Amino acid sequence: MDLQNFEQSLLALQQSAIDELKGVSRREDALQIKNRYLGKKGQVQAQMSVLRELPNEQRRDAGRISNSTKQAIEQAFQKVMSDIAQAELDAKLASEALDVTLPARKPKLHRSHPLVQTEQELIALFAEMGFAVAQGPEIEKDYYNFEALNFPADHPARDMQDTFMIDQQGLLRTHTSPVQIRTMLAYKPPVQIIAPGRVYRVDDDPTHSPVFHQIEGLLVDVGVTMADLKGTLRHFIDRCFGKQTPMRLRPSFFPFTEPSAEVDIGCIFCAQKGCRVCSQTGWLEILGSGMVDPNVFKSCGIDPERYTGFAFGLGVERIAMLKYQISDIRLLFQNDVRFLEQFS
Ligand code: DAH
């Protein structure tokens, strides 16, 4: 063995190691190949034993040659390892590809419930006419809900409103009218308020819900007459249902108003020809109203000789059902998206 032979055999090993490593795609395969050449029992190491056979002056050159072979194989190994890492990264990036030029998906936006929409519209309408918004509790005392509104104890008029009682004095308010009392006890006339809110009655069918919404109106001042009531309601109907909508006051009874009137509008579905919605009458009832009863003023410490006033109360569900032609009140409370999506 001479130096030339030694160099040739190492170069041959180097070449075959590099050839084997080329195109390897798994780390463990590359490592195995490297060990087969450079490991303690590897082929390059095996050649090193031949070194001893060389004359002393050639040993340094032989060392240099073997080092360069080891380096070349090591380099080829590192190259394969980094190619594998790069290929893995490329595959990962390709699988997680995000096309930022695609149009975005439209998020589902909040829209308010048809009942809330209707309530807001009605409040805005009355606010425009100068009514301030007043509020009262939903858990109410018998006194405010009935007594002070001129429903004496055991009076049959209480039967008009099937009441959820809590105890002897407490109940769930059956209407927003108690806010009239609370307002007149807290403020001296002139008073001009609406009171929107939830009310409760023992009632459950396609047109009645145990919980529903009313808007109460109250205007008290010197010299208020029924003409003011009619003018106010006429303007309200113009704005809510259109200027051509016929309107009539129909005599009625409420304990807290005298005289009392129910207000009808000409049926908006059949132009008063008669249809199912108006029960062939051509008229739709939309609210109750009247002139504040002197007894109500007395409960609030207001002099009925000096002041007069009008009041009205309307059902928000009823208005919403008319406006949107909803035939069953329960649709307003079931929160079925297919129903709600129709009110954008
Ligand atoms: N509170 C009555 C009800 O719930 C509605 C009502 C009628 C309110 C006449 C009024 C009114 O203020 O004047 O049936």
# chains A, B, ... in the order shown; residues from 1 in each chain; ligands from 1
>>> residues_around(residues="range 273-288 of chain A", least_positions_apart="4", cutoff="12 Å", atoms="only C-alpha atoms", output="ChimeraX atom specification")
/A:175,177,207,214-217,229-230,233,236-237,240-241,245-269,310-323,325-328
>>> residues_around(residues="Val80 in chain A", least_positions_apart="2", cutoff="9 Å", atoms="only C-alpha atoms", output="JSON, numbers by chain")
{"A": [21, 22, 23, 24, 25, 27, 30, 75, 76, 77, 78, 82, 83, 84, 85]}
>>> write_last_selection(atoms="C-alpha atoms", output="PDB file, in the first residue's frame")
ATOM      1  CA  LEU A  21     -26.573  10.147   0.268  1.00  0.00           C
ATOM      2  CA  LYS A  22     -27.880  11.901  -2.812  1.00  0.00           C
ATOM      3  CA  GLY A  23     -31.694  12.058  -2.865  1.00  0.00           C
ATOM      4  CA  VAL A  24     -32.193  10.362   0.523  1.00  0.00           C
ATOM      5  CA  SER A  25     -35.448  11.658   2.005  1.00  0.00           C
ATOM      6  CA  ARG A  27     -33.148  11.445   8.339  1.00  0.00           C
ATOM      7  CA  ALA A  30     -28.974   9.490   5.947  1.00  0.00           C
ATOM      8  CA  GLN A  75     -20.724  18.007   4.292  1.00  0.00           C
ATOM      9  CA  ALA A  76     -22.761  15.804   1.984  1.00  0.00           C
ATOM     10  CA  PHE A  77     -24.578  14.460   5.043  1.00  0.00           C
ATOM     11  CA  GLN A  78     -25.331  17.984   6.373  1.00  0.00           C
ATOM     12  CA  SER A  82     -30.900  20.493   5.500  1.00  0.00           C
ATOM     13  CA  ASP A  83     -32.617  19.487   2.233  1.00  0.00           C
ATOM     14  CA  ILE A  84     -34.905  17.205   4.245  1.00  0.00           C
ATOM     15  CA  ALA A  85     -35.664  20.038   6.723  1.00  0.00           C
TER      16      ALA A  85
END
>>> select_by_dssp(residues="range 206-270 of chain A", states="strand (DSSP E or B)", output="MDAnalysis selection string")
chainID A and resid 208 211:221 247:254 257:266
>>> write_last_selection(atoms="C-alpha atoms", output="compact mmCIF listing (two decimals), in the first residue's frame")
# COMPACT_ATOMS: atom_id res chain seq x y z
CA HIS A 208 -102.45 36.82 23.90
CA VAL A 211 -96.00 38.67 29.05
CA PHE A 212 -96.40 41.48 26.55
CA HIS A 213 -95.52 45.14 26.06
CA GLN A 214 -97.52 48.32 26.38
CA ILE A 215 -96.89 51.99 25.90
CA GLU A 216 -98.86 54.22 28.23
CA GLY A 217 -99.41 57.89 27.45
CA LEU A 218 -100.40 60.67 29.85
CA LEU A 219 -100.78 64.40 29.35
CA VAL A 220 -101.99 66.64 32.19
CA ASP A 221 -102.26 70.41 32.13
CA MET A 247 -109.76 56.52 12.55
CA ARG A 248 -112.69 56.42 14.94
CA LEU A 249 -113.22 56.77 18.69
CA ARG A 250 -115.62 54.18 20.05
CA PRO A 251 -117.19 54.73 23.51
CA SER A 252 -115.80 52.30 26.06
CA PHE A 253 -115.13 51.92 29.76
CA PHE A 254 -111.97 52.05 31.86
CA THR A 257 -110.73 57.46 32.44
CA GLU A 258 -114.07 59.24 31.99
CA PRO A 259 -115.15 59.39 29.28
CA SER A 260 -113.26 56.45 27.78
CA ALA A 261 -112.83 55.52 24.17
CA GLU A 262 -111.31 52.68 22.25
CA VAL A 263 -109.55 53.80 19.09
CA ASP A 264 -109.98 51.90 15.83
CA ILE A 265 -108.24 52.40 12.53
CA GLY A 266 -109.71 51.42 9.16
>>> residues_around(residues="Phe339 in chain A", least_positions_apart="2", cutoff="12 Å", atoms="only C-alpha atoms", output="PDB file with N, CA, C and O atoms, in the first residue's frame")
ATOM      1  N   HIS A 113     -84.758  42.785  17.413  1.00  0.00           N
ATOM      2  CA  HIS A 113     -85.980  42.001  17.359  1.00  0.00           C
ATOM      3  C   HIS A 113     -87.121  42.886  16.840  1.00  0.00           C
ATOM      4  O   HIS A 113     -87.183  44.067  17.177  1.00  0.00           O
ATOM      5  N   PRO A 114     -88.040  42.318  16.020  1.00  0.00           N
ATOM      6  CA  PRO A 114     -89.129  43.124  15.466  1.00  0.00           C
ATOM      7  C   PRO A 114     -89.934  43.869  16.541  1.00  0.00           C
ATOM      8  O   PRO A 114     -90.411  44.984  16.306  1.00  0.00           O
ATOM      9  N   TYR A 324     -96.508  44.018  10.506  1.00  0.00           N
ATOM     10  CA  TYR A 324     -95.772  42.980   9.774  1.00  0.00           C
ATOM     11  C   TYR A 324     -96.653  41.799   9.379  1.00  0.00           C
ATOM     12  O   TYR A 324     -96.146  40.781   8.919  1.00  0.00           O
ATOM     13  N   ILE A 326     -98.260  39.568  11.207  1.00  0.00           N
ATOM     14  CA  ILE A 326     -97.919  38.358  11.955  1.00  0.00           C
ATOM     15  C   ILE A 326     -99.204  37.823  12.576  1.00  0.00           C
ATOM     16  O   ILE A 326     -99.921  38.558  13.248  1.00  0.00           O
ATOM     17  N   ASP A 328     -99.631  35.044  14.634  1.00  0.00           N
ATOM     18  CA  ASP A 328     -99.581  34.394  15.947  1.00  0.00           C
ATOM     19  C   ASP A 328     -98.576  35.113  16.834  1.00  0.00           C
ATOM     20  O   ASP A 328     -97.391  35.179  16.522  1.00  0.00           O
ATOM     21  N   ARG A 330     -97.168  34.314  19.423  1.00  0.00           N
ATOM     22  CA  ARG A 330     -96.093  33.492  19.991  1.00  0.00           C
ATOM     23  C   ARG A 330     -94.836  33.510  19.127  1.00  0.00           C
ATOM     24  O   ARG A 330     -93.734  33.298  19.608  1.00  0.00           O
ATOM     25  N   LEU A 331     -94.999  33.796  17.817  1.00  0.00           N
ATOM     26  CA  LEU A 331     -93.830  33.915  16.938  1.00  0.00           C
ATOM     27  C   LEU A 331     -92.872  34.988  17.446  1.00  0.00           C
ATOM     28  O   LEU A 331     -91.662  34.911  17.238  1.00  0.00           O
ATOM     29  N   LEU A 332     -93.431  35.988  18.126  1.00  0.00           N
ATOM     30  CA  LEU A 332     -92.595  37.092  18.616  1.00  0.00           C
ATOM     31  C   LEU A 332     -91.737  36.682  19.814  1.00  0.00           C
ATOM     32  O   LEU A 332     -90.822  37.399  20.197  1.00  0.00           O
ATOM     33  N   PHE A 333     -92.048  35.537  20.409  1.00  0.00           N
ATOM     34  CA  PHE A 333     -91.320  35.146  21.616  1.00  0.00           C
ATOM     35  C   PHE A 333     -90.506  33.872  21.458  1.00  0.00           C
ATOM     36  O   PHE A 333     -89.764  33.493  22.356  1.00  0.00           O
ATOM     37  N   GLN A 334     -90.655  33.196  20.305  1.00  0.00           N
ATOM     38  CA  GLN A 334     -89.962  31.909  20.156  1.00  0.00           C
ATOM     39  C   GLN A 334     -88.524  32.074  19.689  1.00  0.00           C
ATOM     40  O   GLN A 334     -87.729  31.155  19.800  1.00  0.00           O
ATOM     41  N   ASN A 335     -88.176  33.226  19.161  1.00  0.00           N
ATOM     42  CA  ASN A 335     -86.821  33.490  18.688  1.00  0.00           C
ATOM     43  C   ASN A 335     -86.312  32.461  17.687  1.00  0.00           C
ATOM     44  O   ASN A 335     -85.166  32.032  17.744  1.00  0.00           O
ATOM     45  N   ASP A 336     -87.193  32.061  16.774  1.00  0.00           N
ATOM     46  CA  ASP A 336     -86.796  31.193  15.671  1.00  0.00           C
ATOM     47  C   ASP A 336     -86.081  32.075  14.641  1.00  0.00           C
ATOM     48  O   ASP A 336     -86.653  33.035  14.133  1.00  0.00           O
ATOM     49  N   VAL A 337     -84.805  31.720  14.335  1.00  0.00           N
ATOM     50  CA  VAL A 337     -84.022  32.579  13.435  1.00  0.00           C
ATOM     51  C   VAL A 337     -84.690  32.750  12.074  1.00  0.00           C
ATOM     52  O   VAL A 337     -84.592  33.807  11.458  1.00  0.00           O
ATOM     53  N   GLU A 341     -84.981  36.468  10.910  1.00  0.00           N
ATOM     54  CA  GLU A 341     -84.176  36.936   9.772  1.00  0.00           C
ATOM     55  C   GLU A 341     -84.979  37.749   8.771  1.00  0.00           C
ATOM     56  O   GLU A 341     -84.412  38.433   7.928  1.00  0.00           O
ATOM     57  N   GLN A 342     -86.317  37.662   8.868  1.00  0.00           N
ATOM     58  CA  GLN A 342     -87.145  38.416   7.910  1.00  0.00           C
ATOM     59  C   GLN A 342     -87.242  39.903   8.262  1.00  0.00           C
ATOM     60  O   GLN A 342     -87.777  40.687   7.500  1.00  0.00           O
ATOM     61  N   PHE A 343     -86.699  40.274   9.433  1.00  0.00           N
ATOM     62  CA  PHE A 343     -86.802  41.681   9.845  1.00  0.00           C
ATOM     63  C   PHE A 343     -85.432  42.325   9.849  1.00  0.00           C
ATOM     64  O   PHE A 343     -84.758  42.378  10.864  1.00  0.00           O
ATOM     65  N   SER A 344     -84.987  42.782   8.649  1.00  0.00           N
ATOM     66  CA  SER A 344     -83.638  43.351   8.609  1.00  0.00           C
ATOM     67  C   SER A 344     -83.717  44.852   8.755  1.00  0.00           C
ATOM     68  O   SER A 344     -84.762  45.435   8.610  1.00  0.00           O
TER      69      SER A 344
END
>>> closest_residue(among="A:Glu28, A:Asp99, A:Glu7, A:Glu138", to="Asn67 in chain A", atoms="only C-alpha atoms")
A:Glu7
>>> select_by_dssp(residues="range 155-198 of chain A", states="alpha helix (DSSP H)", output="PyMOL selection string")
chain A and resi 178-186
>>> closest_residue(among="A:Pro294, A:Gly242, A:Gly136, A:Pro178", to="ligand 1", atoms="only C-alpha atoms and all ligand atoms")
A:Pro178
>>> residues_around(residues="range 150-152 of chain A", least_positions_apart="5", cutoff="9 Å", atoms="only C-alpha atoms", output="list in words")
Asn145, Ala157, Arg158, Pro255, Phe256, Thr257, Asp293, Asn295, Val296 and Ser299 of chain A
>>> decode(residues="range 109-125 of chain A", atoms="all heavy atoms", output="PDB file, in the first residue's frame")
ATOM      1  N   LEU A 109     -74.560  39.828  11.189  1.00  0.00           N
ATOM      2  CA  LEU A 109     -74.639  41.009  12.038  1.00  0.00           C
ATOM      3  C   LEU A 109     -75.882  40.980  12.916  1.00  0.00           C
ATOM      4  O   LEU A 109     -76.912  40.440  12.538  1.00  0.00           O
ATOM      5  CB  LEU A 109     -74.676  42.268  11.166  1.00  0.00           C
ATOM      6  CG  LEU A 109     -73.365  42.636  10.494  1.00  0.00           C
ATOM      7  CD1 LEU A 109     -73.502  43.940   9.749  1.00  0.00           C
ATOM      8  CD2 LEU A 109     -72.248  42.754  11.536  1.00  0.00           C
ATOM      9  N   HIS A 110     -75.751  41.579  14.066  1.00  0.00           N
ATOM     10  CA  HIS A 110     -76.887  41.741  14.966  1.00  0.00           C
ATOM     11  C   HIS A 110     -77.965  42.582  14.295  1.00  0.00           C
ATOM     12  O   HIS A 110     -77.667  43.522  13.576  1.00  0.00           O
ATOM     13  CB  HIS A 110     -76.412  42.442  16.239  1.00  0.00           C
ATOM     14  CG  HIS A 110     -77.461  43.274  16.900  1.00  0.00           C
ATOM     15  ND1 HIS A 110     -78.255  42.786  17.917  1.00  0.00           N
ATOM     16  CD2 HIS A 110     -77.866  44.530  16.677  1.00  0.00           C
ATOM     17  CE1 HIS A 110     -79.097  43.724  18.288  1.00  0.00           C
ATOM     18  NE2 HIS A 110     -78.886  44.794  17.565  1.00  0.00           N
ATOM     19  N   ARG A 111     -79.205  42.229  14.498  1.00  0.00           N
ATOM     20  CA  ARG A 111     -80.294  43.139  14.129  1.00  0.00           C
ATOM     21  C   ARG A 111     -81.287  43.066  15.264  1.00  0.00           C
ATOM     22  O   ARG A 111     -81.387  42.041  15.934  1.00  0.00           O
ATOM     23  CB  ARG A 111     -80.898  42.741  12.792  1.00  0.00           C
ATOM     24  CG  ARG A 111     -81.315  41.293  12.709  1.00  0.00           C
ATOM     25  CD  ARG A 111     -81.815  40.930  11.334  1.00  0.00           C
ATOM     26  NE  ARG A 111     -80.727  40.882  10.365  1.00  0.00           N
ATOM     27  CZ  ARG A 111     -80.766  40.169   9.253  1.00  0.00           C
ATOM     28  NH1 ARG A 111     -81.825  39.464   8.961  1.00  0.00           N
ATOM     29  NH2 ARG A 111     -79.760  40.169   8.412  1.00  0.00           N
ATOM     30  N   SER A 112     -82.039  44.141  15.478  1.00  0.00           N
ATOM     31  CA  SER A 112     -82.889  44.081  16.659  1.00  0.00           C
ATOM     32  C   SER A 112     -84.189  43.339  16.356  1.00  0.00           C
ATOM     33  O   SER A 112     -84.643  43.250  15.216  1.00  0.00           O
ATOM     34  CB  SER A 112     -83.128  45.468  17.245  1.00  0.00           C
ATOM     35  OG  SER A 112     -83.400  46.383  16.235  1.00  0.00           O
ATOM     36  N   HIS A 113     -84.758  42.785  17.413  1.00  0.00           N
ATOM     37  CA  HIS A 113     -85.980  42.001  17.359  1.00  0.00           C
ATOM     38  C   HIS A 113     -87.121  42.886  16.840  1.00  0.00           C
ATOM     39  O   HIS A 113     -87.183  44.067  17.177  1.00  0.00           O
ATOM     40  CB  HIS A 113     -86.268  41.510  18.780  1.00  0.00           C
ATOM     41  CG  HIS A 113     -87.333  40.467  18.845  1.00  0.00           C
ATOM     42  ND1 HIS A 113     -88.668  40.801  18.801  1.00  0.00           N
ATOM     43  CD2 HIS A 113     -87.269  39.125  18.950  1.00  0.00           C
ATOM     44  CE1 HIS A 113     -89.384  39.680  18.884  1.00  0.00           C
ATOM     45  NE2 HIS A 113     -88.554  38.654  18.975  1.00  0.00           N
ATOM     46  N   PRO A 114     -88.040  42.318  16.020  1.00  0.00           N
ATOM     47  CA  PRO A 114     -89.129  43.124  15.466  1.00  0.00           C
ATOM     48  C   PRO A 114     -89.934  43.869  16.541  1.00  0.00           C
ATOM     49  O   PRO A 114     -90.411  44.984  16.306  1.00  0.00           O
ATOM     50  CB  PRO A 114     -90.009  42.107  14.732  1.00  0.00           C
ATOM     51  CG  PRO A 114     -89.508  40.759  15.133  1.00  0.00           C
ATOM     52  CD  PRO A 114     -88.081  40.937  15.520  1.00  0.00           C
ATOM     53  N   LEU A 115     -90.036  43.235  17.706  1.00  0.00           N
ATOM     54  CA  LEU A 115     -90.775  43.873  18.794  1.00  0.00           C
ATOM     55  C   LEU A 115     -90.022  45.097  19.322  1.00  0.00           C
ATOM     56  O   LEU A 115     -90.610  46.156  19.581  1.00  0.00           O
ATOM     57  CB  LEU A 115     -90.936  42.842  19.924  1.00  0.00           C
ATOM     58  CG  LEU A 115     -92.108  43.004  20.863  1.00  0.00           C
ATOM     59  CD1 LEU A 115     -93.395  43.222  20.097  1.00  0.00           C
ATOM     60  CD2 LEU A 115     -92.210  41.764  21.742  1.00  0.00           C
ATOM     61  N   VAL A 116     -88.708  44.927  19.456  1.00  0.00           N
ATOM     62  CA  VAL A 116     -87.872  46.038  19.918  1.00  0.00           C
ATOM     63  C   VAL A 116     -87.890  47.155  18.870  1.00  0.00           C
ATOM     64  O   VAL A 116     -88.013  48.334  19.205  1.00  0.00           O
ATOM     65  CB  VAL A 116     -86.417  45.559  20.174  1.00  0.00           C
ATOM     66  CG1 VAL A 116     -85.516  46.732  20.517  1.00  0.00           C
ATOM     67  CG2 VAL A 116     -86.395  44.520  21.286  1.00  0.00           C
ATOM     68  N   GLN A 117     -87.786  46.762  17.588  1.00  0.00           N
ATOM     69  CA  GLN A 117     -87.851  47.768  16.512  1.00  0.00           C
ATOM     70  C   GLN A 117     -89.135  48.576  16.613  1.00  0.00           C
ATOM     71  O   GLN A 117     -89.125  49.809  16.554  1.00  0.00           O
ATOM     72  CB  GLN A 117     -87.831  47.086  15.141  1.00  0.00           C
ATOM     73  CG  GLN A 117     -86.471  46.591  14.695  1.00  0.00           C
ATOM     74  CD  GLN A 117     -86.548  45.941  13.307  1.00  0.00           C
ATOM     75  OE1 GLN A 117     -87.311  46.354  12.454  1.00  0.00           O
ATOM     76  NE2 GLN A 117     -85.754  44.903  13.108  1.00  0.00           N
ATOM     77  N   THR A 118     -90.259  47.864  16.759  1.00  0.00           N
ATOM     78  CA  THR A 118     -91.559  48.541  16.831  1.00  0.00           C
ATOM     79  C   THR A 118     -91.619  49.464  18.044  1.00  0.00           C
ATOM     80  O   THR A 118     -92.036  50.624  17.940  1.00  0.00           O
ATOM     81  CB  THR A 118     -92.697  47.494  16.912  1.00  0.00           C
ATOM     82  OG1 THR A 118     -92.565  46.583  15.821  1.00  0.00           O
ATOM     83  CG2 THR A 118     -94.055  48.159  16.846  1.00  0.00           C
ATOM     84  N   GLU A 119     -91.178  48.952  19.189  1.00  0.00           N
ATOM     85  CA  GLU A 119     -91.208  49.757  20.413  1.00  0.00           C
ATOM     86  C   GLU A 119     -90.373  51.025  20.247  1.00  0.00           C
ATOM     87  O   GLU A 119     -90.808  52.128  20.592  1.00  0.00           O
ATOM     88  CB  GLU A 119     -90.707  48.929  21.611  1.00  0.00           C
ATOM     89  CG  GLU A 119     -90.871  49.653  22.926  1.00  0.00           C
ATOM     90  CD  GLU A 119     -90.313  48.857  24.113  1.00  0.00           C
ATOM     91  OE1 GLU A 119     -89.138  48.418  24.019  1.00  0.00           O
ATOM     92  OE2 GLU A 119     -91.033  48.667  25.095  1.00  0.00           O
ATOM     93  N   GLN A 120     -89.167  50.855  19.664  1.00  0.00           N
ATOM     94  CA  GLN A 120     -88.281  52.008  19.465  1.00  0.00           C
ATOM     95  C   GLN A 120     -88.918  53.042  18.535  1.00  0.00           C
ATOM     96  O   GLN A 120     -88.834  54.245  18.768  1.00  0.00           O
ATOM     97  CB  GLN A 120     -86.936  51.568  18.860  1.00  0.00           C
ATOM     98  CG  GLN A 120     -86.113  50.643  19.754  1.00  0.00           C
ATOM     99  CD  GLN A 120     -85.637  51.340  21.004  1.00  0.00           C
ATOM    100  OE1 GLN A 120     -85.397  52.543  20.990  1.00  0.00           O
ATOM    101  NE2 GLN A 120     -85.521  50.615  22.104  1.00  0.00           N
ATOM    102  N   GLU A 121     -89.556  52.553  17.456  1.00  0.00           N
ATOM    103  CA  GLU A 121     -90.199  53.466  16.513  1.00  0.00           C
ATOM    104  C   GLU A 121     -91.320  54.249  17.184  1.00  0.00           C
ATOM    105  O   GLU A 121     -91.463  55.460  16.973  1.00  0.00           O
ATOM    106  CB  GLU A 121     -90.759  52.679  15.320  1.00  0.00           C
ATOM    107  CG  GLU A 121     -89.690  52.259  14.319  1.00  0.00           C
ATOM    108  CD  GLU A 121     -90.184  51.173  13.357  1.00  0.00           C
ATOM    109  OE1 GLU A 121     -91.415  51.059  13.164  1.00  0.00           O
ATOM    110  OE2 GLU A 121     -89.333  50.445  12.821  1.00  0.00           O
ATOM    111  N   LEU A 122     -92.116  53.528  17.998  1.00  0.00           N
ATOM    112  CA  LEU A 122     -93.242  54.193  18.671  1.00  0.00           C
ATOM    113  C   LEU A 122     -92.729  55.226  19.676  1.00  0.00           C
ATOM    114  O   LEU A 122     -93.248  56.348  19.748  1.00  0.00           O
ATOM    115  CB  LEU A 122     -94.129  53.156  19.373  1.00  0.00           C
ATOM    116  CG  LEU A 122     -94.871  52.186  18.432  1.00  0.00           C
ATOM    117  CD1 LEU A 122     -95.602  51.110  19.220  1.00  0.00           C
ATOM    118  CD2 LEU A 122     -95.854  52.948  17.548  1.00  0.00           C
ATOM    119  N   ILE A 123     -91.701  54.843  20.431  1.00  0.00           N
ATOM    120  CA  ILE A 123     -91.142  55.783  21.415  1.00  0.00           C
ATOM    121  C   ILE A 123     -90.629  57.036  20.692  1.00  0.00           C
ATOM    122  O   ILE A 123     -90.905  58.169  21.106  1.00  0.00           O
ATOM    123  CB  ILE A 123     -90.001  55.119  22.229  1.00  0.00           C
ATOM    124  CG1 ILE A 123     -90.571  54.032  23.146  1.00  0.00           C
ATOM    125  CG2 ILE A 123     -89.240  56.164  23.048  1.00  0.00           C
ATOM    126  CD1 ILE A 123     -89.525  53.205  23.866  1.00  0.00           C
ATOM    127  N   ALA A 124     -89.904  56.832  19.575  1.00  0.00           N
ATOM    128  CA  ALA A 124     -89.344  57.967  18.828  1.00  0.00           C
ATOM    129  C   ALA A 124     -90.465  58.895  18.343  1.00  0.00           C
ATOM    130  O   ALA A 124     -90.346  60.119  18.393  1.00  0.00           O
ATOM    131  CB  ALA A 124     -88.517  57.460  17.648  1.00  0.00           C
ATOM    132  N   LEU A 125     -91.555  58.250  17.905  1.00  0.00           N
ATOM    133  CA  LEU A 125     -92.694  59.018  17.398  1.00  0.00           C
ATOM    134  C   LEU A 125     -93.308  59.921  18.477  1.00  0.00           C
ATOM    135  O   LEU A 125     -93.608  61.095  18.248  1.00  0.00           O
ATOM    136  CB  LEU A 125     -93.732  57.993  16.948  1.00  0.00           C
ATOM    137  CG  LEU A 125     -94.282  58.141  15.571  1.00  0.00           C
ATOM    138  CD1 LEU A 125     -94.735  56.796  15.046  1.00  0.00           C
ATOM    139  CD2 LEU A 125     -95.437  59.087  15.664  1.00  0.00           C
TER     140      LEU A 125
END
